[in-house]
$ cat target-v2.cif   # mmCIF, C-alpha atoms
data_upload
#
loop_
_atom_site.group_PDB
_atom_site.id
_atom_site.type_symbol
_atom_site.label_atom_id
_atom_site.label_comp_id
_atom_site.auth_asym_id
_atom_site.auth_seq_id
_atom_site.Cartn_x
_atom_site.Cartn_y
_atom_site.Cartn_z
ATOM 1 C CA MET A 1 100.550 128.905 120.039
ATOM 2 C CA ALA A 2 100.865 127.019 123.293
ATOM 3 C CA VAL A 3 99.650 123.458 123.237
ATOM 4 C CA THR A 4 99.296 120.974 126.037
ATOM 5 C CA GLN A 5 101.138 117.725 125.645
ATOM 6 C CA LEU A 6 99.205 114.601 126.570
ATOM 7 C CA PRO A 7 100.465 112.924 129.741
ATOM 8 C CA LYS A 8 102.682 109.988 128.941
ATOM 9 C CA THR A 9 101.318 106.650 130.007
ATOM 10 C CA VAL A 10 102.636 105.370 133.292
ATOM 11 C CA ALA A 11 102.432 101.813 132.078
ATOM 12 C CA THR A 12 105.495 99.731 131.557
ATOM 13 C CA LYS A 13 105.620 96.704 129.320
ATOM 14 C CA GLY A 14 103.060 94.177 130.505
ATOM 15 C CA GLN A 15 101.242 96.627 132.768
ATOM 16 C CA GLU A 16 99.068 98.457 130.270
ATOM 17 C CA GLN A 17 95.811 97.248 131.792
ATOM 18 C CA ILE A 18 96.772 98.440 135.265
ATOM 19 C CA ALA A 19 97.649 101.914 134.080
ATOM 20 C CA THR A 20 94.417 102.571 132.208
ATOM 21 C CA HIS A 21 91.335 103.922 133.912
ATOM 22 C CA VAL A 22 88.908 102.461 131.383
ATOM 23 C CA ALA A 23 87.537 98.960 131.900
ATOM 24 C CA THR A 24 89.022 96.575 129.363
ATOM 25 C CA GLY A 25 86.010 94.249 129.397
ATOM 26 C CA ALA A 26 84.248 95.874 126.440
ATOM 27 C CA ALA A 27 87.328 95.478 124.239
ATOM 28 C CA ALA A 28 87.826 91.884 125.402
ATOM 29 C CA ALA A 29 84.193 91.078 124.586
ATOM 30 C CA ALA A 30 84.523 92.571 121.097
ATOM 31 C CA PHE A 31 87.722 90.632 120.356
ATOM 32 C CA LEU A 32 86.214 87.420 121.696
ATOM 33 C CA ALA A 33 83.108 87.825 119.526
ATOM 34 C CA GLY A 34 85.269 88.544 116.468
ATOM 35 C CA GLY A 35 87.263 85.378 117.117
ATOM 36 C CA ILE A 36 84.085 83.343 117.594
ATOM 37 C CA GLY A 37 82.618 84.722 114.344
ATOM 38 C CA CYS A 38 85.751 83.809 112.357
ATOM 39 C CA PHE A 39 85.968 80.363 113.938
ATOM 40 C CA VAL A 40 82.292 79.536 113.366
ATOM 41 C CA LEU A 41 82.607 80.411 109.682
ATOM 42 C CA GLY A 42 85.690 78.223 109.304
ATOM 43 C CA LEU A 43 84.088 75.360 111.192
ATOM 44 C CA LEU A 44 80.942 75.468 109.041
ATOM 45 C CA VAL A 45 82.989 75.610 105.829
ATOM 46 C CA THR A 46 84.956 72.490 106.789
ATOM 47 C CA LEU A 47 81.966 70.589 108.186
ATOM 48 C CA ALA A 48 79.876 71.379 105.099
ATOM 49 C CA ALA A 49 82.670 70.013 102.907
ATOM 50 C CA MET A 50 82.437 66.571 104.530
ATOM 51 C CA PRO A 51 80.405 64.142 102.421
ATOM 52 C CA SER A 52 79.098 62.462 105.579
ATOM 53 C CA LEU A 53 77.535 65.782 106.672
ATOM 54 C CA ILE A 54 75.513 66.425 103.520
ATOM 55 C CA GLY A 55 72.503 67.050 105.769
ATOM 56 C CA LEU A 56 74.279 70.018 107.344
ATOM 57 C CA LYS A 57 75.186 71.372 103.917
ATOM 58 C CA ASN A 58 71.534 71.116 102.857
ATOM 59 C CA ALA A 59 70.384 72.755 106.093
ATOM 60 C CA LEU A 60 72.686 75.699 105.387
ATOM 61 C CA ASN A 61 71.036 76.237 102.016
ATOM 62 C CA TRP A 62 68.916 79.137 103.253
ATOM 63 C CA SER A 63 68.646 80.639 99.774
ATOM 64 C CA ASN A 64 68.669 78.541 96.609
ATOM 65 C CA PRO A 65 70.427 81.086 94.369
ATOM 66 C CA VAL A 66 73.213 81.552 96.927
ATOM 67 C CA GLY A 67 73.394 77.942 98.140
ATOM 68 C CA PRO A 68 74.995 76.813 101.437
ATOM 69 C CA LEU A 69 77.079 80.015 101.582
ATOM 70 C CA SER A 70 73.890 81.799 102.686
ATOM 71 C CA GLY A 71 73.577 79.622 105.785
ATOM 72 C CA LYS A 72 77.281 79.585 106.566
ATOM 73 C CA THR A 73 77.448 83.375 106.558
ATOM 74 C CA GLY A 74 74.051 83.741 108.252
ATOM 75 C CA VAL A 75 75.006 81.481 111.165
ATOM 76 C CA THR A 76 78.380 83.246 111.367
ATOM 77 C CA VAL A 77 76.810 86.691 111.691
ATOM 78 C CA ILE A 78 74.324 85.423 114.284
ATOM 79 C CA ALA A 79 77.110 83.746 116.294
ATOM 80 C CA PHE A 80 79.229 86.913 116.068
ATOM 81 C CA LEU A 81 76.441 89.239 117.232
ATOM 82 C CA VAL A 82 74.918 86.978 119.893
ATOM 83 C CA SER A 83 78.300 86.144 121.449
ATOM 84 C CA TRP A 84 79.197 89.835 121.390
ATOM 85 C CA VAL A 85 75.981 90.902 123.147
ATOM 86 C CA ILE A 86 76.361 88.207 125.811
ATOM 87 C CA ALA A 87 80.078 88.852 126.395
ATOM 88 C CA HIS A 88 79.559 92.627 126.358
ATOM 89 C CA PHE A 89 76.923 92.605 129.069
ATOM 90 C CA MET A 90 78.936 90.164 131.154
ATOM 91 C CA MET A 91 82.229 92.025 130.910
ATOM 92 C CA LYS A 92 81.722 95.645 129.903
ATOM 93 C CA ASP A 93 82.372 97.190 133.310
ATOM 94 C CA LYS A 94 85.078 94.762 134.387
ATOM 95 C CA ASN A 95 88.823 95.035 134.116
ATOM 96 C CA VAL A 96 89.756 91.704 132.601
ATOM 97 C CA ASP A 97 93.009 90.151 131.453
ATOM 98 C CA LEU A 98 92.897 91.672 127.970
ATOM 99 C CA LYS A 99 95.955 89.754 126.809
ATOM 100 C CA LEU A 100 94.281 86.443 127.590
ATOM 101 C CA TYR A 101 91.197 87.385 125.558
ATOM 102 C CA VAL A 102 93.350 88.654 122.704
ATOM 103 C CA ILE A 103 95.234 85.347 122.650
ATOM 104 C CA ILE A 104 91.972 83.353 122.676
ATOM 105 C CA SER A 105 90.577 85.549 119.915
ATOM 106 C CA GLY A 106 93.814 85.251 117.923
ATOM 107 C CA VAL A 107 93.731 81.454 118.128
ATOM 108 C CA LEU A 108 90.054 81.356 117.083
ATOM 109 C CA THR A 109 90.711 83.756 114.184
ATOM 110 C CA ALA A 110 93.748 81.781 113.021
ATOM 111 C CA LEU A 111 91.724 78.554 113.133
ATOM 112 C CA GLY A 112 88.997 80.313 111.162
ATOM 113 C CA PHE A 113 91.483 81.301 108.466
ATOM 114 C CA LEU A 114 92.894 77.757 108.341
ATOM 115 C CA LEU A 115 89.452 76.121 108.162
ATOM 116 C CA THR A 116 88.403 78.335 105.228
ATOM 117 C CA PHE A 117 91.569 77.607 103.228
ATOM 118 C CA PRO A 118 90.537 75.265 100.384
ATOM 119 C CA PRO A 119 93.580 72.943 100.489
ATOM 120 C CA PHE A 120 92.810 72.369 104.180
ATOM 121 C CA PHE A 121 89.047 71.768 104.042
ATOM 122 C CA ASP A 122 89.464 69.699 100.873
ATOM 123 C CA LEU A 123 91.324 67.193 103.069
ATOM 124 C CA PHE A 124 87.943 66.386 104.602
ATOM 125 C CA ALA A 125 85.997 66.558 101.348
ATOM 126 C CA GLY A 126 87.359 63.355 99.898
ATOM 127 C CA VAL A 127 88.535 65.106 96.711
ATOM 128 C CA MET B 1 78.726 103.062 76.470
ATOM 129 C CA GLU B 2 76.422 101.374 78.938
ATOM 130 C CA LEU B 3 76.508 98.866 81.760
ATOM 131 C CA THR B 4 74.304 95.827 82.125
ATOM 132 C CA ASN B 5 72.578 95.243 85.454
ATOM 133 C CA ARG B 6 75.155 92.552 86.308
ATOM 134 C CA GLU B 7 78.082 94.765 85.374
ATOM 135 C CA PHE B 8 76.617 97.578 87.470
ATOM 136 C CA TRP B 9 76.356 95.391 90.580
ATOM 137 C CA GLY B 10 79.793 93.948 89.912
ATOM 138 C CA LEU B 11 81.123 97.501 89.937
ATOM 139 C CA VAL B 12 79.234 98.434 93.114
ATOM 140 C CA HIS B 13 80.603 95.305 94.811
ATOM 141 C CA GLY B 14 84.221 95.513 93.677
ATOM 142 C CA MET B 15 84.987 99.089 92.680
ATOM 143 C CA GLY B 16 82.510 100.758 95.024
ATOM 144 C CA PHE B 17 82.436 99.116 98.435
ATOM 145 C CA GLY B 18 85.537 96.968 97.909
ATOM 146 C CA ALA B 19 87.813 99.737 96.667
ATOM 147 C CA LEU B 20 86.524 102.124 99.360
ATOM 148 C CA PHE B 21 87.479 99.602 102.035
ATOM 149 C CA LEU B 22 90.936 98.939 100.621
ATOM 150 C CA LEU B 23 91.724 102.614 99.997
ATOM 151 C CA ALA B 24 90.604 103.711 103.461
ATOM 152 C CA PHE B 25 92.844 101.126 105.103
ATOM 153 C CA ALA B 26 96.085 103.102 104.893
ATOM 154 C CA GLY B 27 94.497 106.174 106.470
ATOM 155 C CA GLY B 28 92.964 104.147 109.285
ATOM 156 C CA LEU B 29 96.190 102.327 110.043
ATOM 157 C CA ALA B 30 98.170 105.572 110.078
ATOM 158 C CA GLY B 31 95.550 107.083 112.384
ATOM 159 C CA LEU B 32 95.833 104.197 114.836
ATOM 160 C CA TYR B 33 99.627 104.183 114.697
ATOM 161 C CA SER B 34 99.925 107.863 115.447
ATOM 162 C CA LEU B 35 97.391 107.783 118.288
ATOM 163 C CA ARG B 36 100.134 107.852 120.919
ATOM 164 C CA PRO B 37 100.954 110.440 123.565
ATOM 165 C CA GLU B 38 104.448 111.216 122.314
ATOM 166 C CA LEU B 39 103.141 112.118 118.873
ATOM 167 C CA LEU B 40 99.975 114.007 119.765
ATOM 168 C CA THR B 41 98.928 117.107 121.594
ATOM 169 C CA VAL B 42 95.480 117.422 123.168
ATOM 170 C CA THR B 43 94.494 119.666 120.275
ATOM 171 C CA GLY B 44 95.844 117.171 117.780
ATOM 172 C CA LEU B 45 93.963 114.337 119.450
ATOM 173 C CA ARG B 46 90.701 116.290 119.402
ATOM 174 C CA GLU B 47 91.221 117.026 115.720
ATOM 175 C CA ARG B 48 92.209 113.480 114.758
ATOM 176 C CA LEU B 49 89.870 111.272 116.763
ATOM 177 C CA PRO B 50 86.543 112.085 115.031
ATOM 178 C CA ARG B 51 88.242 111.393 111.685
ATOM 179 C CA LEU B 52 89.554 108.056 112.959
ATOM 180 C CA VAL B 53 86.163 107.050 114.386
ATOM 181 C CA SER B 54 84.276 107.971 111.206
ATOM 182 C CA GLY B 55 86.983 106.416 109.019
ATOM 183 C CA THR B 56 86.967 103.058 110.810
ATOM 184 C CA TRP B 57 83.161 102.939 110.771
ATOM 185 C CA LEU B 58 83.147 103.831 107.082
ATOM 186 C CA MET B 59 85.514 100.919 106.508
ATOM 187 C CA ALA B 60 83.349 98.541 108.495
ATOM 188 C CA ILE B 61 80.209 99.609 106.613
ATOM 189 C CA ALA B 62 82.034 99.316 103.282
ATOM 190 C CA ALA B 63 83.203 95.813 104.226
ATOM 191 C CA TRP B 64 79.643 94.729 105.091
ATOM 192 C CA GLY B 65 78.415 96.297 101.855
ATOM 193 C CA THR B 66 81.060 94.406 99.891
ATOM 194 C CA VAL B 67 80.273 90.956 101.293
ATOM 195 C CA ILE B 68 76.490 91.399 101.264
ATOM 196 C CA THR B 69 76.350 92.585 97.642
ATOM 197 C CA GLY B 70 78.942 89.999 96.662
ATOM 198 C CA THR B 71 77.248 87.052 98.353
ATOM 199 C CA PHE B 72 73.592 87.823 97.750
ATOM 200 C CA ILE B 73 73.604 89.721 94.438
ATOM 201 C CA VAL B 74 76.704 88.906 92.364
ATOM 202 C CA TYR B 75 77.516 85.362 93.541
ATOM 203 C CA PRO B 76 74.165 83.818 92.430
ATOM 204 C CA TRP B 77 74.933 84.926 88.854
ATOM 205 C CA TYR B 78 78.360 83.306 89.146
ATOM 206 C CA ARG B 79 77.102 79.965 90.477
ATOM 207 C CA ALA B 80 73.912 79.634 88.395
ATOM 208 C CA ALA B 81 73.705 76.137 86.918
ATOM 209 C CA ALA B 82 74.000 76.035 83.136
ATOM 210 C CA PRO B 83 71.142 74.296 81.296
ATOM 211 C CA LYS B 84 72.174 71.488 78.957
ATOM 212 C CA GLY B 85 73.612 72.792 75.724
ATOM 213 C CA ALA B 86 73.833 76.371 76.994
ATOM 214 C CA ASP B 87 76.690 78.683 76.077
ATOM 215 C CA LEU B 88 78.868 78.297 79.178
ATOM 216 C CA THR B 89 80.385 81.778 78.889
ATOM 217 C CA ALA B 90 77.156 83.032 80.473
ATOM 218 C CA TYR B 91 77.665 80.684 83.458
ATOM 219 C CA PRO B 92 81.100 81.450 84.982
ATOM 220 C CA ARG B 93 81.229 78.589 87.500
ATOM 221 C CA SER B 94 80.243 75.983 84.932
ATOM 222 C CA PHE B 95 82.614 77.552 82.404
ATOM 223 C CA LEU B 96 85.584 77.319 84.782
ATOM 224 C CA LEU B 97 84.817 73.768 85.908
ATOM 225 C CA ALA B 98 84.411 72.588 82.313
ATOM 226 C CA ASN B 99 87.963 73.677 81.504
ATOM 227 C CA PRO B 100 90.609 71.671 83.382
ATOM 228 C CA SER B 101 93.137 74.467 82.935
ATOM 229 C CA LEU B 102 90.729 76.969 84.548
ATOM 230 C CA ALA B 103 88.987 74.786 87.133
ATOM 231 C CA GLU B 104 91.270 75.871 89.957
ATOM 232 C CA TRP B 105 89.969 79.415 89.642
ATOM 233 C CA HIS B 106 86.788 77.969 91.112
ATOM 234 C CA THR B 107 88.028 75.110 93.307
ATOM 235 C CA PHE B 108 90.693 77.266 94.922
ATOM 236 C CA GLY B 109 90.065 80.902 93.996
ATOM 237 C CA MET B 110 86.319 81.275 94.438
ATOM 238 C CA GLU B 111 86.090 78.728 97.263
ATOM 239 C CA TRP B 112 88.618 80.790 99.221
ATOM 240 C CA LYS B 113 87.298 84.196 98.240
ATOM 241 C CA GLU B 114 83.646 83.581 99.073
ATOM 242 C CA HIS B 115 84.525 82.567 102.636
ATOM 243 C CA VAL B 116 87.614 84.544 103.631
ATOM 244 C CA ALA B 117 85.980 87.818 102.578
ATOM 245 C CA TRP B 118 83.603 87.593 105.546
ATOM 246 C CA PHE B 119 86.476 87.984 108.008
ATOM 247 C CA ALA B 120 86.933 91.576 106.825
ATOM 248 C CA PRO B 121 83.630 93.061 108.070
ATOM 249 C CA ILE B 122 83.763 91.086 111.318
ATOM 250 C CA LEU B 123 87.266 92.288 112.195
ATOM 251 C CA ALA B 124 86.679 95.813 110.868
ATOM 252 C CA THR B 125 83.553 96.137 113.021
ATOM 253 C CA VAL B 126 85.463 95.028 116.112
ATOM 254 C CA VAL B 127 88.130 97.673 115.395
ATOM 255 C CA ALA B 128 85.574 100.416 114.675
ATOM 256 C CA TYR B 129 83.625 99.658 117.847
ATOM 257 C CA ILE B 130 86.703 99.716 120.073
ATOM 258 C CA VAL B 131 87.941 102.979 118.529
ATOM 259 C CA LEU B 132 84.510 104.510 119.188
ATOM 260 C CA ARG B 133 84.209 103.099 122.702
ATOM 261 C CA TYR B 134 87.712 103.906 123.969
ATOM 262 C CA GLY B 135 88.400 107.039 121.921
ATOM 263 C CA LYS B 136 91.146 109.203 123.381
ATOM 264 C CA ASP B 137 91.942 106.577 126.019
ATOM 265 C CA LEU B 138 93.545 104.505 123.262
ATOM 266 C CA ALA B 139 96.446 106.955 123.362
ATOM 267 C CA GLU B 140 97.267 105.574 126.799
ATOM 268 C CA MET B 141 96.583 101.923 125.999
ATOM 269 C CA PRO B 142 99.508 100.841 123.811
ATOM 270 C CA PHE B 143 98.729 97.129 123.956
ATOM 271 C CA LEU B 144 95.118 97.610 122.853
ATOM 272 C CA ARG B 145 96.202 99.999 120.088
ATOM 273 C CA LYS B 146 98.726 97.464 118.762
ATOM 274 C CA VAL B 147 96.144 94.667 118.786
ATOM 275 C CA LEU B 148 93.714 96.936 116.942
ATOM 276 C CA MET B 149 96.354 97.519 114.254
ATOM 277 C CA VAL B 150 96.873 93.766 113.905
ATOM 278 C CA ALA B 151 93.104 93.197 113.605
ATOM 279 C CA PHE B 152 92.956 96.037 111.081
ATOM 280 C CA VAL B 153 95.733 94.442 109.003
ATOM 281 C CA LEU B 154 94.000 91.041 109.161
ATOM 282 C CA ALA B 155 90.745 92.620 107.952
ATOM 283 C CA PHE B 156 92.658 94.251 105.124
ATOM 284 C CA GLY B 157 94.438 90.985 104.300
ATOM 285 C CA ALA B 158 91.155 89.075 104.082
ATOM 286 C CA ALA B 159 89.636 91.768 101.854
ATOM 287 C CA ALA B 160 92.775 91.924 99.712
ATOM 288 C CA ILE B 161 92.737 88.146 99.118
ATOM 289 C CA ALA B 162 89.064 88.298 98.188
ATOM 290 C CA GLY B 163 89.561 91.336 95.969
ATOM 291 C CA LEU B 164 92.552 89.853 94.172
ATOM 292 C CA MET B 165 90.809 86.525 93.600
ATOM 293 C CA GLY B 166 87.681 88.325 92.432
ATOM 294 C CA ALA B 167 89.620 90.351 89.870
ATOM 295 C CA LEU B 168 91.477 87.290 88.557
ATOM 296 C CA ILE B 169 88.345 85.130 88.401
ATOM 297 C CA THR B 170 86.444 87.887 86.623
ATOM 298 C CA LYS B 171 89.273 88.065 84.088
ATOM 299 C CA ALA B 172 89.080 84.287 83.492
ATOM 300 C CA ALA B 173 85.277 84.125 83.471
ATOM 301 C CA PRO B 174 83.456 87.458 83.548
ATOM 302 C CA ILE B 175 79.857 87.690 84.748
ATOM 303 C CA LEU B 176 78.070 88.833 81.601
#

$ encode --input "target-v2.cif" --output "structure tokens"
Amino acid sequence: MAVTQLPKTVATKGQEQIATHVATGAAAAAFLAGGIGCFVLGLLVTLAAMPSLIGLKNALNWSNPVGPLSGKTGVTVIAFLVSWVIAHFMMKDKNVDLKLYVIISGVLTALGFLLTFPPFFDLFAGV
Amino acid sequence: MELTNREFWGLVHGMGFGALFLLAFAGGLAGLYSLRPELLTVTGLRERLPRLVSGTWLMAIAAWGTVITGTFIVYPWYRAAAPKGADLTAYPRSFLLANPSLAEWHTFGMEWKEHVAWFAPILATVVAYIVLRYGKDLAEMPFLRKVLMVAFVLAFGAAAIAGLMGALITKAAPIL
């Protein structure tokens, strides 16, 4: 059975965005929103651990049975979705520097992981 | 043999949604890895792409299901405050904190798990959306495909940490 082989990409290392015919903006917006979501969660976890910000911790207590985790995750999901919608409509048809957005998203995600790591946020908790 | 309501939801959270997410990971990663021109024919791409799209979305939905059931159904039973004089085995958080040798299962294990788990659905949704949006074009976008695999692995890593901690905490202080 004869099959058609896909054309090999004409891109060389570092030129992937130039070779593609699809705008990279939608992917950049999605990565950026993912990074923002991860960072916001980490930031809220660390801020809520600070004794001086007990008011924030109380404000995040959207549901008594769940406690402040309800607000932390609620704000995170809102930040993720709102930033995605805004970035998507700003960038979806544009060819952007995808690598730059991936780096920004990677830094935000890494910070999010760090800020949710108990030995790190406990540094600010005074325990 | 019967399950209590709490055991049922614990199973839905961990062995239902959670296991579905973790098990589907390998297939999704293999699908992304092999989505390259030198490995695929047009026919192969047509056959593989719908499976990859549905698989990544299934993973994203499973990840959301895991964190939502975990946070809003199972977690309140874990963190419920024990009344004075109560049998602490019915209150896992209080039980762990009352035992110095077990306290770290809460102060480290649960504190990490309850937060890091939420990275999984966020990252899995980003991956699923991009696979749906770019489809066959991903075969010609090696950089984007590699970044998607990294995001996929990070989502898996977050879910794996949460799943492992959940299993170990449940062993130390089951939700009865």

$ interface_residues --input "target-v2.cif" --of "chain B" --to "chain A" --cutoff "6 Å" --atoms "only C-alpha atoms" --output "ChimeraX atom specification"
/B:37,41-42,76,108,112,122,126,130,140

$ closest_residue --input "target-v2.cif" --among "B:Met149, B:Tyr134, B:Tyr78, B:Asp87" --to "A:Lys92" --atoms "only C-alpha atoms"
B:Tyr134

$ atom_distance --input "target-v2.cif" --atom1 "atom CA of B:Ala30" --atom2 "atom CA of B:Pro121"
19.3 Å

$ atom_distance --input "target-v2.cif" --atom1 "atom CA of A:Thr46" --atom2 "atom CA of A:Phe121"
5.0 Å

$ residues_around --input "target-v2.cif" --residues "B:Glu7" --least-positions-apart "2" --cutoff "12 Å" --atoms "all atoms listed in the file" --output "list of chain:residue names"
B:Glu2, B:Leu3, B:Thr4, B:Asn5, B:Trp9, B:Gly10, B:Leu11, B:Val12, B:His13, B:Gly14, B:Met15, B:Ile73, B:Val74, B:Trp77, B:Thr170, B:Pro174, B:Ile175, B:Leu176

$ residues_near_point --input "target-v2.cif" --point "(91.9, 91.4, 106.3)" --cutoff "12 Å" --atoms "all atoms listed in the file" --output "number ranges by chain"
A: 38, 109-110, 113; B: 18, 21-22, 25, 59-60, 63, 113, 116-125, 127, 149-163

$ atom_distance --input "target-v2.cif" --atom1 "atom CA of B:Trp105" --atom2 "atom CA of B:Ala82"
17.6 Å

$ residues_near_point --input "target-v2.cif" --point "(87.2, 105.9, 109.1)" --cutoff "10 Å" --atoms "all atoms listed in the file" --output "JSON, numbers by chain"
{"B": [21, 24, 25, 27, 28, 29, 31, 49, 50, 51, 52, 53, 54, 55, 56, 57, 58, 59, 60, 61, 128, 131]}

$ axis_aligned_box --input "target-v2.cif" --around "stretch 37-54 of chain A" --padding-each-side "5 Å" --output "AutoDock Vina command-line options"
--center_x 80.7 --center_y 73.6 --center_z 108.4 --size_x 20.5 --size_y 32.3 --size_z 21.9

$ resolve_selection --input "target-v2.cif" --expression "the PyMOL selection byres ((chain A and resi 49-52) around 10)" --output "ChimeraX atom specification"
/A:43-48,53-57,118,121-127

$ closest_residue --input "target-v2.cif" --among "A:Leu111, A:Ala59, A:Gly74, A:Gly25" --to "A:Ala87" --atoms "all atoms listed in the file"
A:Gly25

$ residues_around --input "target-v2.cif" --residues "A:Val75" --least-positions-apart "4" --cutoff "8 Å" --atoms "only C-alpha atoms" --output "list in words"
Val40, Leu41, Gly71 and Ala79 of chain A

$ resolve_selection --input "target-v2.cif" --expression "the PyMOL selection byres ((chain B and resi 95) around 12)" --output "JSON, numbers by chain"
{"B": [78, 79, 80, 81, 82, 83, 86, 87, 88, 89, 90, 91, 92, 93, 94, 96, 97, 98, 99, 100, 101, 102, 103, 104, 105, 106, 169, 170, 172, 173, 174, 175]}

$ closest_residue --input "target-v2.cif" --among "B:Met165, B:Arg145, B:Arg133, B:Ala139" --to "B:Glu111" --atoms "only C-alpha atoms"
B:Met165
